[in-house]
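**Q** My structure file data_8.txt, compact mmCIF, C-alpha atoms, is below:
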# COMPACT_ATOMS: atom_id res chain seq x y z
CA MET A 1 -50.45 18.22 -0.44
CA SER A 2 -50.79 16.99 3.12
CA SER A 3 -53.63 14.61 3.99
CA ASN A 4 -55.74 17.42 5.42
CA GLU A 5 -55.11 19.65 2.41
CA LEU A 6 -56.02 16.82 0.09
CA LEU A 7 -59.30 16.24 1.92
CA GLU A 8 -60.12 19.95 1.78
CA PHE A 9 -59.31 20.00 -1.92
CA ARG A 10 -61.56 17.00 -2.55
CA THR A 11 -64.35 18.72 -0.64
CA SER A 12 -64.00 21.78 -2.89
CA VAL A 13 -64.08 19.69 -6.06
CA ARG A 14 -67.09 17.71 -4.85
CA ALA A 15 -68.98 20.87 -3.88
CA LEU A 16 -68.40 22.38 -7.32
CA LEU A 17 -69.53 19.20 -9.08
CA ASP A 18 -72.59 18.79 -6.86
CA LYS A 19 -73.63 22.34 -7.70
CA HIS A 20 -72.74 22.57 -11.38
CA ALA A 21 -72.85 18.97 -12.62
CA PRO A 22 -76.28 17.56 -11.71
CA SER A 23 -77.70 14.54 -13.48
CA ALA A 24 -79.81 16.70 -15.81
CA ALA A 25 -76.71 18.54 -17.03
CA LEU A 26 -74.91 15.23 -17.58
CA ARG A 27 -77.74 13.92 -19.73
CA THR A 28 -77.87 17.11 -21.76
CA ALA A 29 -74.11 17.08 -22.34
CA MET A 30 -73.84 13.41 -23.31
CA ASP A 31 -76.16 13.98 -26.26
CA THR A 32 -73.91 16.68 -27.74
CA ASP A 33 -70.99 16.17 -30.11
CA LEU A 34 -68.61 17.45 -27.45
CA GLY A 35 -69.91 15.03 -24.85
CA TYR A 36 -69.39 17.33 -21.87
CA ASP A 37 -70.31 20.79 -20.65
CA PRO A 38 -67.53 23.19 -21.75
CA LYS A 39 -68.59 25.65 -19.04
CA LEU A 40 -68.04 22.99 -16.38
CA TRP A 41 -64.59 22.15 -17.76
CA ARG A 42 -63.66 25.83 -17.85
CA MET A 43 -64.91 26.27 -14.29
CA LEU A 44 -62.92 23.27 -13.05
CA CYS A 45 -59.79 24.61 -14.74
CA GLU A 46 -60.15 28.25 -13.75
CA GLN A 47 -61.57 27.96 -10.24
CA VAL A 48 -59.93 24.72 -9.07
CA GLY A 49 -57.05 24.29 -11.52
CA VAL A 50 -57.66 20.60 -12.11
CA ALA A 51 -55.84 20.43 -15.45
CA ALA A 52 -52.74 22.06 -13.97
CA LEU A 53 -52.32 19.78 -10.96
CA ALA A 54 -49.68 17.42 -12.37
CA VAL A 55 -47.93 20.02 -14.52
CA PRO A 56 -44.70 21.46 -13.01
CA GLU A 57 -44.78 25.15 -12.15
CA GLN A 58 -42.09 25.97 -14.72
CA TRP A 59 -44.57 25.05 -17.47
CA GLY A 60 -47.59 26.86 -16.09
CA GLY A 61 -48.85 24.20 -13.72
CA ALA A 62 -49.62 23.90 -10.03
CA GLY A 63 -46.73 21.53 -9.34
CA ALA A 64 -48.87 19.15 -7.28
CA GLY A 65 -48.85 15.63 -8.64
CA LEU A 66 -50.59 12.50 -9.80
CA VAL A 67 -52.21 11.76 -6.44
CA GLU A 68 -54.13 15.03 -6.61
CA SER A 69 -55.04 14.52 -10.27
CA LEU A 70 -56.35 11.02 -9.63
CA MET A 71 -58.39 12.30 -6.71
CA VAL A 72 -60.16 14.63 -9.16
CA VAL A 73 -60.68 11.68 -11.53
CA GLY A 74 -62.36 9.86 -8.64
CA GLU A 75 -64.71 12.76 -7.95
CA LEU A 76 -65.59 12.96 -11.63
CA GLY A 77 -66.30 9.22 -11.54
CA ARG A 78 -68.77 9.88 -8.75
CA THR A 79 -70.81 12.13 -11.05
CA LEU A 80 -69.91 10.33 -14.31
CA GLY A 81 -68.47 13.65 -15.44
CA GLY A 82 -67.45 13.49 -19.07
CA VAL A 83 -64.90 16.31 -19.07
CA PRO A 84 -61.46 15.44 -20.56
CA MET A 85 -59.65 15.13 -17.22
CA LEU A 86 -58.53 11.53 -17.68
CA GLY A 87 -57.70 11.70 -21.38
CA SER A 88 -56.02 15.11 -21.48
CA ALA A 89 -54.98 16.32 -18.02
CA VAL A 90 -53.80 12.89 -16.84
CA LEU A 91 -52.77 10.68 -19.76
CA GLY A 92 -51.93 13.48 -22.20
CA VAL A 93 -49.90 15.46 -19.70
CA GLN A 94 -48.12 12.39 -18.34
CA ALA A 95 -47.19 11.18 -21.81
CA ILE A 96 -45.49 14.49 -22.56
CA LEU A 97 -43.72 14.60 -19.20
CA LEU A 98 -42.54 10.99 -19.42
CA ALA A 99 -41.13 11.58 -22.90
CA GLY A 100 -38.58 13.87 -21.24
CA ASP A 101 -38.49 16.50 -23.98
CA GLU A 102 -38.22 19.91 -22.28
CA PRO A 103 -38.80 22.05 -25.42
CA SER A 104 -41.98 20.08 -26.10
CA CYS A 105 -43.04 20.47 -22.46
CA ALA A 106 -42.54 24.24 -22.67
CA ARG A 107 -44.49 24.41 -25.92
CA LEU A 108 -47.40 22.10 -25.12
CA LEU A 109 -48.00 21.96 -21.38
CA PRO A 110 -49.06 25.58 -20.61
CA ASP A 111 -52.15 25.32 -22.82
CA LEU A 112 -53.03 21.91 -21.41
CA ALA A 113 -52.54 23.21 -17.87
CA ASP A 114 -55.02 26.06 -18.26
CA GLY A 115 -57.53 23.87 -20.09
CA SER A 116 -57.62 26.02 -23.22
CA ARG A 117 -56.40 23.04 -25.22
CA THR A 118 -57.04 19.33 -24.79
CA ALA A 119 -55.00 16.34 -25.86
CA ALA A 120 -55.95 12.79 -26.80
CA LEU A 121 -53.59 9.85 -26.41
CA CYS A 122 -53.77 7.57 -29.46
CA TRP A 123 -52.58 4.13 -28.53
CA ALA A 124 -54.58 0.92 -28.98
CA ASP A 125 -55.06 -1.21 -32.05
CA ALA A 126 -58.37 -2.92 -32.80
CA ASP A 127 -57.57 -5.72 -30.32
CA GLY A 128 -56.71 -3.47 -27.37
CA TRP A 129 -53.86 -1.74 -25.60
CA ASP A 130 -51.25 -4.50 -25.69
CA SER A 131 -50.00 -3.32 -29.07
CA ALA A 132 -49.87 0.00 -30.87
CA GLY A 133 -52.32 0.60 -33.68
CA VAL A 134 -50.13 3.17 -35.44
CA GLY A 135 -46.63 2.82 -36.88
CA VAL A 136 -44.15 5.37 -38.18
CA THR A 137 -42.06 5.40 -41.34
CA ASP A 138 -39.78 8.31 -42.28
CA GLY A 139 -41.46 10.51 -39.71
CA LYS A 140 -44.98 9.85 -41.01
CA LEU A 141 -47.73 7.97 -39.20
CA SER A 142 -49.85 5.19 -40.68
CA GLY A 143 -52.43 2.96 -39.08
CA ALA A 144 -55.45 3.38 -36.84
CA ALA A 145 -55.73 4.13 -33.14
CA HIS A 146 -58.89 2.78 -31.54
CA TYR A 147 -60.87 3.64 -28.39
CA VAL A 148 -59.31 7.11 -28.10
CA LEU A 149 -60.75 9.09 -25.19
CA HIS A 150 -62.25 12.35 -26.50
CA GLY A 151 -60.44 11.73 -29.76
CA ALA A 152 -63.03 13.63 -31.78
CA GLN A 153 -62.97 16.59 -29.40
CA ALA A 154 -59.23 17.15 -28.92
CA ASP A 155 -57.04 19.11 -31.31
CA LEU A 156 -53.67 17.84 -30.03
CA LEU A 157 -53.06 14.18 -30.82
CA LEU A 158 -50.31 12.29 -28.98
CA VAL A 159 -49.58 9.06 -30.79
CA LEU A 160 -47.87 6.23 -28.92
CA THR A 161 -46.04 3.92 -31.33
CA ASP A 162 -43.45 1.17 -31.01
CA ASP A 163 -40.87 3.82 -31.94
CA GLY A 164 -41.91 6.36 -29.31
CA LEU A 165 -44.31 9.26 -28.83
CA PHE A 166 -45.32 11.52 -31.71
CA GLU A 167 -47.30 14.74 -31.88
CA THR A 168 -49.76 15.87 -34.55
CA THR A 169 -53.13 17.61 -34.77
CA ALA A 170 -56.64 16.56 -35.66
CA ASP A 171 -56.65 18.75 -38.78
CA ALA A 172 -53.25 17.62 -40.09
CA PRO A 173 -53.05 16.08 -43.58
CA GLY A 174 -53.68 12.35 -43.56
CA VAL A 175 -55.60 12.37 -40.25
CA ALA A 176 -59.22 11.18 -40.19
CA VAL A 177 -61.22 11.18 -36.96
CA THR A 178 -64.37 9.07 -36.59
CA ALA A 179 -66.57 9.12 -33.50
CA THR A 180 -67.13 5.58 -32.18
CA PRO A 181 -70.44 4.46 -30.67
CA ALA A 182 -69.80 3.28 -27.12
CA LEU A 183 -71.61 1.24 -24.50
CA ASP A 184 -71.13 4.09 -22.05
CA PRO A 185 -73.00 7.16 -23.36
CA THR A 186 -71.29 9.45 -20.85
CA ARG A 187 -67.80 8.94 -22.34
CA LYS A 188 -66.86 9.78 -25.93
CA LEU A 189 -64.53 7.50 -27.88
CA ALA A 190 -63.10 7.79 -31.37
CA THR A 191 -61.12 5.90 -33.97
CA ILE A 192 -58.33 7.96 -35.55
CA THR A 193 -56.82 6.83 -38.82
CA PHE A 194 -53.44 8.06 -40.03
CA THR A 195 -52.36 7.85 -43.67
CA ASP A 196 -48.80 9.08 -44.12
CA ALA A 197 -49.61 11.84 -41.65
CA PRO A 198 -46.70 14.16 -40.79
CA ALA A 199 -45.76 14.12 -37.11
CA THR A 200 -43.14 15.40 -34.70
CA ARG A 201 -41.38 13.06 -32.33
CA ILE A 202 -41.43 13.97 -28.64
CA GLY A 203 -38.40 12.77 -26.70
CA THR A 204 -36.03 9.92 -27.41
CA GLY A 205 -36.71 7.64 -24.45
CA ASP A 206 -37.46 3.94 -24.36
CA PRO A 207 -40.92 3.34 -25.94
CA VAL A 208 -41.42 0.14 -23.93
CA ALA A 209 -40.84 1.92 -20.62
CA LEU A 210 -43.10 4.77 -21.71
CA ARG A 211 -45.94 2.40 -22.53
CA ARG A 212 -45.47 0.51 -19.27
CA ARG A 213 -45.66 3.69 -17.20
CA LEU A 214 -48.69 4.99 -19.09
CA ARG A 215 -50.48 1.68 -18.59
CA GLU A 216 -49.80 1.84 -14.84
CA ILE A 217 -51.07 5.42 -14.68
CA ALA A 218 -54.16 4.55 -16.72
CA TRP A 219 -54.99 1.62 -14.44
CA ALA A 220 -54.52 3.68 -11.28
CA ALA A 221 -56.70 6.46 -12.72
CA LEU A 222 -59.44 4.01 -13.69
CA ALA A 223 -59.34 2.50 -10.20
CA ALA A 224 -59.89 5.95 -8.68
CA GLU A 225 -62.76 6.62 -11.07
CA GLN A 226 -64.37 3.25 -10.39
CA VAL A 227 -64.23 3.78 -6.64
CA GLY A 228 -65.87 7.20 -6.93
CA ALA A 229 -68.66 5.79 -9.09
CA ALA A 230 -69.13 2.72 -6.88
CA ARG A 231 -69.43 4.87 -3.77
CA ARG A 232 -72.11 6.97 -5.45
CA CYS A 233 -73.99 3.77 -6.35
CA LEU A 234 -73.87 2.74 -2.69
CA GLU A 235 -75.13 6.18 -1.60
CA MET A 236 -78.02 6.06 -4.09
CA THR A 237 -78.97 2.59 -2.91
CA VAL A 238 -78.96 3.52 0.77
CA GLU A 239 -81.01 6.64 0.06
CA TYR A 240 -83.55 4.70 -1.98
CA THR A 241 -83.99 1.81 0.44
CA ALA A 242 -84.45 4.27 3.29
CA SER A 243 -87.35 5.99 1.50
CA ARG A 244 -89.02 3.10 -0.38
CA VAL A 245 -91.79 1.68 1.81
CA GLN A 246 -93.15 -1.84 1.46
CA PHE A 247 -95.33 -3.76 3.94
CA GLY A 248 -95.54 -0.62 6.05
CA ARG A 249 -91.80 -0.12 6.57
CA PRO A 250 -88.73 1.12 4.61
CA ILE A 251 -87.27 -1.77 2.64
CA GLY A 252 -83.83 -0.83 3.94
CA SER A 253 -84.89 -2.07 7.36
CA PHE A 254 -85.20 -5.67 6.12
CA GLN A 255 -82.26 -7.76 7.25
CA ALA A 256 -81.60 -9.34 3.86
CA LEU A 257 -81.15 -5.92 2.25
CA LYS A 258 -79.04 -4.67 5.14
CA HIS A 259 -76.64 -7.56 4.59
CA ARG A 260 -76.36 -6.85 0.89
CA MET A 261 -75.66 -3.16 1.45
CA ALA A 262 -73.14 -4.03 4.15
CA ASP A 263 -71.32 -6.20 1.62
CA MET A 264 -71.40 -3.31 -0.85
CA TYR A 265 -69.91 -1.01 1.79
CA VAL A 266 -67.07 -3.41 2.56
CA LEU A 267 -66.25 -3.72 -1.12
CA VAL A 268 -66.18 0.04 -1.66
CA GLU A 269 -64.04 0.72 1.41
CA SER A 270 -61.50 -1.94 0.49
CA ALA A 271 -61.41 -0.75 -3.11
CA GLU A 272 -60.77 2.81 -2.01
CA SER A 273 -57.79 1.69 0.08
CA VAL A 274 -56.37 -0.28 -2.83
CA ALA A 275 -56.91 2.62 -5.27
CA GLN A 276 -55.21 5.10 -2.95
CA ALA A 277 -52.22 2.77 -2.49
CA ALA A 278 -51.93 2.40 -6.26
CA ALA A 279 -52.13 6.15 -6.84
CA LYS A 280 -49.34 6.76 -4.34
CA ALA A 281 -47.14 3.98 -5.71
CA VAL A 282 -47.58 5.07 -9.32
CA ALA A 283 -47.03 8.73 -8.47
CA GLU A 284 -43.74 7.85 -6.79
CA ASP A 285 -42.83 5.24 -9.44
CA SER A 286 -42.08 2.86 -6.60
CA PRO A 287 -40.81 -0.70 -7.22
CA SER A 288 -44.30 -1.98 -6.41
CA ALA A 289 -46.09 0.41 -8.81
CA ALA A 290 -46.78 -2.20 -11.50
CA GLU A 291 -48.11 -4.73 -8.99
CA ASP A 292 -50.18 -2.15 -7.09
CA ALA A 293 -51.69 -0.75 -10.29
CA TRP A 294 -52.62 -4.24 -11.54
CA VAL A 295 -54.19 -5.23 -8.21
CA ALA A 296 -56.13 -1.96 -8.05
CA ARG A 297 -57.27 -2.46 -11.64
CA LYS A 298 -58.58 -5.95 -10.87
CA HIS A 299 -60.15 -5.29 -7.47
CA CYS A 300 -61.76 -1.95 -8.32
CA THR A 301 -63.18 -3.33 -11.57
CA GLU A 302 -64.76 -6.24 -9.73
CA THR A 303 -66.03 -3.94 -6.99
CA PHE A 304 -67.66 -1.45 -9.34
CA SER A 305 -69.26 -4.19 -11.45
CA THR A 306 -70.66 -5.91 -8.35
CA VAL A 307 -71.89 -2.72 -6.68
CA ALA A 308 -73.47 -1.40 -9.88
CA ALA A 309 -75.30 -4.70 -10.36
CA GLU A 310 -76.51 -4.66 -6.76
CA THR A 311 -77.69 -1.08 -7.25
CA ILE A 312 -79.86 -2.24 -10.15
CA GLN A 313 -81.24 -5.13 -8.10
CA LEU A 314 -81.99 -3.16 -4.94
CA HIS A 315 -83.69 -0.32 -6.80
CA GLY A 316 -86.04 -2.75 -8.51
CA GLY A 317 -87.84 -1.92 -11.74
CA ILE A 318 -87.13 1.81 -11.60
CA ALA A 319 -83.40 1.17 -12.08
CA ILE A 320 -83.83 -0.12 -15.63
CA THR A 321 -85.75 2.93 -16.82
CA TRP A 322 -83.98 5.55 -18.92
CA GLU A 323 -84.97 8.27 -16.46
CA HIS A 324 -83.01 6.76 -13.56
CA ASP A 325 -79.23 7.12 -13.36
CA ALA A 326 -78.57 3.56 -12.18
CA HIS A 327 -78.25 2.22 -15.72
CA LEU A 328 -75.63 4.88 -16.55
CA TYR A 329 -73.43 3.66 -13.70
CA PHE A 330 -74.03 0.06 -14.76
CA LYS A 331 -72.87 0.87 -18.30
CA ARG A 332 -69.85 2.79 -17.01
CA ALA A 333 -68.92 -0.24 -14.88
CA HIS A 334 -68.97 -2.59 -17.87
CA ALA A 335 -67.18 -0.12 -20.13
CA THR A 336 -64.35 0.60 -17.70
CA ALA A 337 -63.87 -3.13 -17.18
CA GLU A 338 -62.45 -3.22 -20.72
CA LEU A 339 -60.86 0.24 -21.01
CA PHE A 340 -57.02 0.08 -21.23
CA GLY A 341 -57.19 -3.70 -21.07
CA THR A 342 -56.53 -5.94 -18.09
CA GLY A 343 -53.05 -7.24 -18.82
CA ARG A 344 -51.25 -9.98 -16.96
CA ARG A 345 -50.10 -9.78 -13.39
CA PRO A 346 -46.57 -8.30 -13.33
CA VAL A 347 -43.80 -10.79 -12.63
CA ALA A 348 -41.62 -9.81 -9.67
CA ALA A 349 -38.01 -9.12 -10.61
Please, can you express the file's structure as structure tokens?
**A**
Amino acid sequence: MSSNELLEFRTSVRALLDKHAPSAALRTAMDTDLGYDPKLWRMLCEQVGVAALAVPEQWGGAGAGLVESLMVVGELGRTLGGVPMLGSAVLGVQAILLAGDEPSCARLLPDLADGSRTAALCWADADGWDSAGVGVTDGKLSGAAHYVLHGAQADLLLVLTDDGLFETTADAPGVAVTATPALDPTRKLATITFTDAPATRIGTGDPVALRRRLREIAWAALAAEQVGAARRCLEMTVEYTASRVQFGRPIGSFQALKHRMADMYVLVESAESVAQAAAKAVAEDSPSAAEDAWVARKHCTETFSTVAAETIQLHGGIAITWEHDAHLYFKRAHATAELFGTGRRPVAA
């Protein structure tokens, strides 16, 4: 998409989410086993085609790309939307595409593209994403994958091991799925245990390269999400300080608060630039992709954590009540700071 088309597309996505994903709906959905509103996910897939964006046309997709997909992730971050965009339509789809197995693409991607099926990428061990939690012996999986996004809600499981990518299902023999309590109530996680579970290998590419690329994509996607959420925190804070009156005037008119919100604005704007650069670099698999993704991961994490904390402070006592959304953004900020790990800064070749 051109820049203007991308802006128009973002406007359409934001309008749909503003109308159909209010805070009340988010709170209702996060208390369900699914964790999101299935009607909203269906609407996003059918009316906007979000799940099909990065899927090539030959396999039922829109043939757009990662930049467009990550833009949607950013808009969902703005509303804390819990739909499986990141886990299925970004990481799941990219894992299949990167594996380079055309028969598997033809078999799996059409259902993921129309949203009728969702995938979960099983990857981390108990210590994080630097090592795989599941191994394979004679074509059967054993071990446990931790912190799986929507792992208890997806039927297609994509398991990243040291030997490559494998495919199985949630109801396959030897697969046990356990929902995991999480700091962030708006995002569902699961632990999936495999005990000699039968699986099908997808592709024959280099597992190390596959993991590297998926980590870069995950970091770039998280950066986009963090920027969207941080910008919404800034908007909420400006709105509140403009309406909250103390000593006969809106508190937003006090110079000390103006300075703090100005600092928040600078952080959000710089983070958005960094996140966009990372999305472009990762989408093109440029030589700087690893560096750009790591920088975006670090800067956007720090920005969101800082802005969310300032949102709590500038809202005062109301921000720590369950009824206000500020604490949900604060929890998302802390949870995303750990999601997919932080890794070490890439060493230039």
**Q** Would you tabulate, counting only C-alpha atoms, all residues of range 247-291 of chain A that have an atom at most 9 Å from an atom of range 212-229 of chain A, showing the closest pair of atoms and their distance in Å to one decimal, sorted by chain then ascending number, as CSV?
**A**
residue,atom,partner,partner_atom,distance
A:Val268,CA,A:Val227,CA,6.5
A:Glu269,CA,A:Val227,CA,8.6
A:Ala271,CA,A:Val227,CA,6.4
A:Glu272,CA,A:Val227,CA,5.9
A:Val274,CA,A:Ala223,CA,8.4
A:Ala275,CA,A:Ala223,CA,5.5
A:Gln276,CA,A:Ala224,CA,7.4
A:Ala278,CA,A:Ala220,CA,5.8
A:Ala279,CA,A:Ala220,CA,5.6
A:Val282,CA,A:Ile217,CA,6.4
A:Ala283,CA,A:Ile217,CA,8.1
A:Asp285,CA,A:Arg213,CA,8.4
A:Ala289,CA,A:Glu216,CA,7.2
A:Ala290,CA,A:Glu216,CA,6.0
A:Glu291,CA,A:Glu216,CA,9.0
**Q** To one decimal in Å, tell me the separation between CA of Gly252 in chain A and CA of Thr306 in chain A.
**A**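 Between CA of Gly252 in chain A and CA of Thr306 in chain A the gap works out to 18.7 Å.
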**Q** For each of A:Ala152, A:Glu8, A:Thr186, A:Thr168, take the minimum atom-to-atom distance to Thr28 in chain A, counting all atoms listed in the file, then give the residue where this is smallest.
**A**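 Closest residue, counting all atoms listed in the file: A:Thr186.
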**Q** My list of candidates is A:Phe166, A:Ile96, A:Arg78, A:Ala113. Which is closest to Phe304 in chain A when distances are computed with only C-alpha atoms?
**A**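 For Phe304 in chain A, the nearest of the given residues is A:Arg78.
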**Q** So which one's closest to Arg27 in chain A, A:Leu157, A:Leu339, A:Val295, A:Leu328? Using all atoms listed in the file, please.
**A** A:Leu328
**Q** Please compute the CA of Val148 in chain A-CA of Lys19 in chain A distance, one decimal, in Å.
**A** 29.2 Å
**Q** With only C-alpha atoms as the atoms that count, which of A:Ser286, A:Thr237, A:Ser3, A:Thr204 lies nearest to Ser104 in chain A?
**A**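 The shortest atom-to-atom distance to Ser104 in chain A comes from A:Thr204.
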**Q** Measuring atom to atom with all atoms listed in the file, identify which of A:Asp155, A:Glu5, A:Asp163, A:Glu235 is nearest to Ile192 in chain A.
**A**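 Under the stated criterion, the closest residue is A:Asp155.
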**Q** One number please: CA of Ala335 in chain A to CA of Leu257 in chain A, in Å, one decimal.
**A** 27.0 Å
**Q** Point out the residue among A:Val159, A:Leu97, A:Ala281, A:Leu80 with the least atom-to-atom distance to Lys331 in chain A, counting only C-alpha atoms.
**A** A:Leu80
**Q** Compile the contact shell of Gly60 in chain A as a CSV table (one decimal) with C-alpha atoms, in the coordinates of the input: residues with an atom at most 8 Å away, counting all atoms listed in the file, same-chain residues fewer than 2 positions apart removed.
**A**
chain,number,residue,atom,x,y,z
A,52,ALA,CA,-52.7,22.1,-14.0
A,55,VAL,CA,-47.9,20.0,-14.5
A,56,PRO,CA,-44.7,21.5,-13.0
A,57,GLU,CA,-44.8,25.2,-12.2
A,58,GLN,CA,-42.1,26.0,-14.7
A,62,ALA,CA,-49.6,23.9,-10.0
A,109,LEU,CA,-48.0,22.0,-21.4
A,110,PRO,CA,-49.1,25.6,-20.6
A,113,ALA,CA,-52.5,23.2,-17.9
A,114,ASP,CA,-55.0,26.1,-18.3
**Q** Against range 33-37 of chain A, which residues of range 124-191 of chain A fall within 8 Å? For each one I want the closest pair of atoms and the distance in Å (one decimal), counting all atoms listed in the file, rows by chain and increasing residue number, as JSON lines.
**A**
{"residue": "A:Gln153", "atom": "CA", "partner": "A:Leu34", "partner_atom": "CA", "distance": 6.0}
{"residue": "A:Thr186", "atom": "CA", "partner": "A:Gly35", "partner_atom": "CA", "distance": 7.0}
{"residue": "A:Arg187", "atom": "CA", "partner": "A:Gly35", "partner_atom": "CA", "distance": 6.9}
{"residue": "A:Lys188", "atom": "CA", "partner": "A:Gly35", "partner_atom": "CA", "distance": 6.2}
**Q** Up to 8 Å from (-48.4, 2.7, -37.6) in the file's coordinates: name the residues, counting all atoms listed in the file, as a list in words.
**A** Ala132, Gly133, Val134, Gly135, Val136, Thr137, Leu141, Ser142, Gly143, Ala144, Thr161 and Phe194 of chain A
**Q** Padding of 5 Å on every side, edges along x, y and z, all listed atoms of range 107-123 of chain A included: what centre and edge lengths in Å, to one decimal, does that box have, as JSON?
**A**
{"center_x": -51.1, "center_y": 15.1, "center_z": -23.7, "size_x": 23.1, "size_y": 31.9, "size_z": 21.6}
**Q** Report as a PyMOL selection string all protein, DNA and RNA residues lying within 9 Å of Thr79 in chain A, evaluated on all atoms listed in the file, omitting residues in the same chain fewer than 2 positions from it.
**A** chain A and resi 17-18+21-23+26+75-77+81-82+228-229+232
**Q** Mind checking which residues fall within 8 Å of Gly343 in chain A, counting only C-alpha atoms, ignoring those fewer than 2 positions away in the same chain, and posting them as a ChimeraX atom specification?
**A** /A:130,294,341,345
**Q** Could you add all heavy atoms to range 3-9 of chain A and give me the result as a CSV table (one decimal), in the frame of the given file?
**A**
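And here's out.csv as it stands now:
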chain,number,residue,atom,x,y,z
A,3,SER,N,-52.4,15.3,4.0
A,3,SER,CA,-53.6,14.6,4.0
A,3,SER,C,-54.8,15.5,4.2
A,3,SER,O,-55.8,15.4,3.5
A,3,SER,CB,-53.6,13.5,5.1
A,3,SER,OG,-52.6,12.6,4.8
A,4,ASN,N,-54.6,16.5,5.1
A,4,ASN,CA,-55.7,17.4,5.4
A,4,ASN,C,-56.0,18.3,4.2
A,4,ASN,O,-57.2,18.6,3.9
A,4,ASN,CB,-55.4,18.3,6.7
A,4,ASN,CG,-55.5,17.5,7.9
A,4,ASN,OD1,-56.2,16.4,8.0
A,4,ASN,ND2,-54.8,17.9,9.0
A,5,GLU,N,-54.9,18.8,3.6
A,5,GLU,CA,-55.1,19.6,2.4
A,5,GLU,C,-55.8,18.9,1.3
A,5,GLU,O,-56.6,19.5,0.5
A,5,GLU,CB,-53.7,20.2,2.0
A,5,GLU,CG,-53.1,21.2,2.9
A,5,GLU,CD,-51.7,21.6,2.5
A,5,GLU,OE1,-51.0,20.7,1.9
A,5,GLU,OE2,-51.3,22.7,2.8
A,6,LEU,N,-55.4,17.6,1.1
A,6,LEU,CA,-56.0,16.8,0.1
A,6,LEU,C,-57.5,16.6,0.3
A,6,LEU,O,-58.3,16.7,-0.6
A,6,LEU,CB,-55.3,15.5,0.0
A,6,LEU,CG,-55.6,14.6,-1.2
A,6,LEU,CD1,-55.1,15.3,-2.5
A,6,LEU,CD2,-54.9,13.3,-1.1
A,7,LEU,N,-57.9,16.4,1.6
A,7,LEU,CA,-59.3,16.2,1.9
A,7,LEU,C,-60.1,17.5,1.7
A,7,LEU,O,-61.2,17.5,1.2
A,7,LEU,CB,-59.5,15.8,3.4
A,7,LEU,CG,-59.0,14.4,3.7
A,7,LEU,CD1,-59.1,14.1,5.2
A,7,LEU,CD2,-59.9,13.4,3.0
A,8,GLU,N,-59.5,18.7,2.0
A,8,GLU,CA,-60.1,20.0,1.8
A,8,GLU,C,-60.3,20.2,0.3
A,8,GLU,O,-61.3,20.7,-0.2
A,8,GLU,CB,-59.3,21.1,2.4
A,8,GLU,CG,-59.3,21.1,3.9
A,8,GLU,CD,-58.5,22.2,4.5
A,8,GLU,OE1,-57.9,22.9,3.8
A,8,GLU,OE2,-58.4,22.2,5.8
A,9,PHE,N,-59.3,19.8,-0.5
A,9,PHE,CA,-59.3,20.0,-1.9
A,9,PHE,C,-60.4,19.1,-2.5
A,9,PHE,O,-61.2,19.6,-3.4
A,9,PHE,CB,-58.0,19.6,-2.5
A,9,PHE,CG,-57.9,19.8,-4.0
A,9,PHE,CD1,-58.1,21.1,-4.6
A,9,PHE,CD2,-57.7,18.8,-4.9
A,9,PHE,CE1,-58.0,21.3,-6.0
A,9,PHE,CE2,-57.6,18.9,-6.2
A,9,PHE,CZ,-57.8,20.2,-6.8
